Amino acid sequence: MKIKITLQLMFLFLMHAALGQGVIIKEMKGRIFADSVAVDKVNIVNFTTQKATVSDAQGNFILSLKTGDIIVFSAVNLETLRRKVTDQDLLQEILQVVMHPKSIILKEVLINESAITAESLGIIPYGQKKYTAAERKLYTATSGGGIDGLLNSVSGRKAMLKKEIIVEKKVQLLARMDVLYEEQYYLETLKIPLDYIKGFQYYCIDDADFANALIAKNKTLTLFLVVKLAENYKQIIAVENK
């Protein structure tokens, strides 16, 4: 029995020695680059041995490595890199490591509408009236005077352009409503049937108080008015469906 146990221990010892042969541990020098520039303060961790170091101002580091080790490179402004050490890596005099800058995704970009304007950029003088496309057409048709102004009046062009301005303003107000209120708000909060939502929007912008509040971007007032208008509109729907 003692001889058997001794032989088993010798066998395990020989297996351990055999497995240990050929494993090369090297004090490896390395250098880290990002966009062809050496990077300092990168954390380098040998995940296999739990040994760690940090790159210097020239991107250099020294770490004990062997084939098969998993190395993790990380920094605040760089994408984390995992690398498995190969036999070829250990043959190099300096291990070259290339990392990539992190891509920062902006969730939301807010633009101060009052900060960047044609006036602040010096394109037009402060206080000058700004015309929409339809208003510019009407101004051109009516400011010429003489025979051109008379012809425009006789042909009805001025009346047509005035109607175009009204339509343009309504389109702008509808666009603002689409930004302010989602479909679920009409359905769940205001209880407006799906087929009547577009009609309700036109009903709202025809209300002078609501239109003015919308133009002034007074969200508090528009929320107050839209609830009142919704109640009135639902009564109209109820009468129509009798």
# chains A, B, ... in the order shown; residues from 1 in each chain; ligands from 1
>>> residues_around(residues="segment 208-211 of chain A", least_positions_apart="3", cutoff="10 Å", atoms="only C-alpha atoms", output="PyMOL selection string")
chain A and resi 169-170+173-174+203-205+214-218+221-226+229
>>> residues_around(residues="Tyr185 of chain A", least_positions_apart="6", cutoff="12 Å", atoms="only C-alpha atoms", output="ChimeraX atom specification")
/A:177-179,191-194,197,223,226-227,230
>>> residues_around(residues="Ile44 of chain A", least_positions_apart="5", cutoff="8 Å", atoms="only C-alpha atoms", output="PyMOL selection string")
chain A and resi 52-55+71-74
>>> residues_around(residues="Phe33 of chain A", least_positions_apart="2", cutoff="8 Å", atoms="only C-alpha atoms", output="PyMOL selection string")
chain A and resi 31+35-39+59+96-99
>>> closest_residue(among="A:Ile32, A:Val42, A:Ile70, A:Ala75", to="Leu95 of chain A", atoms="only C-alpha atoms")
A:Ile32
>>> closest_residue(among="A:Tyr196, A:Tyr181, A:Tyr186, A:Phe61", to="Ile94 of chain A", atoms="only C-alpha atoms")
A:Phe61
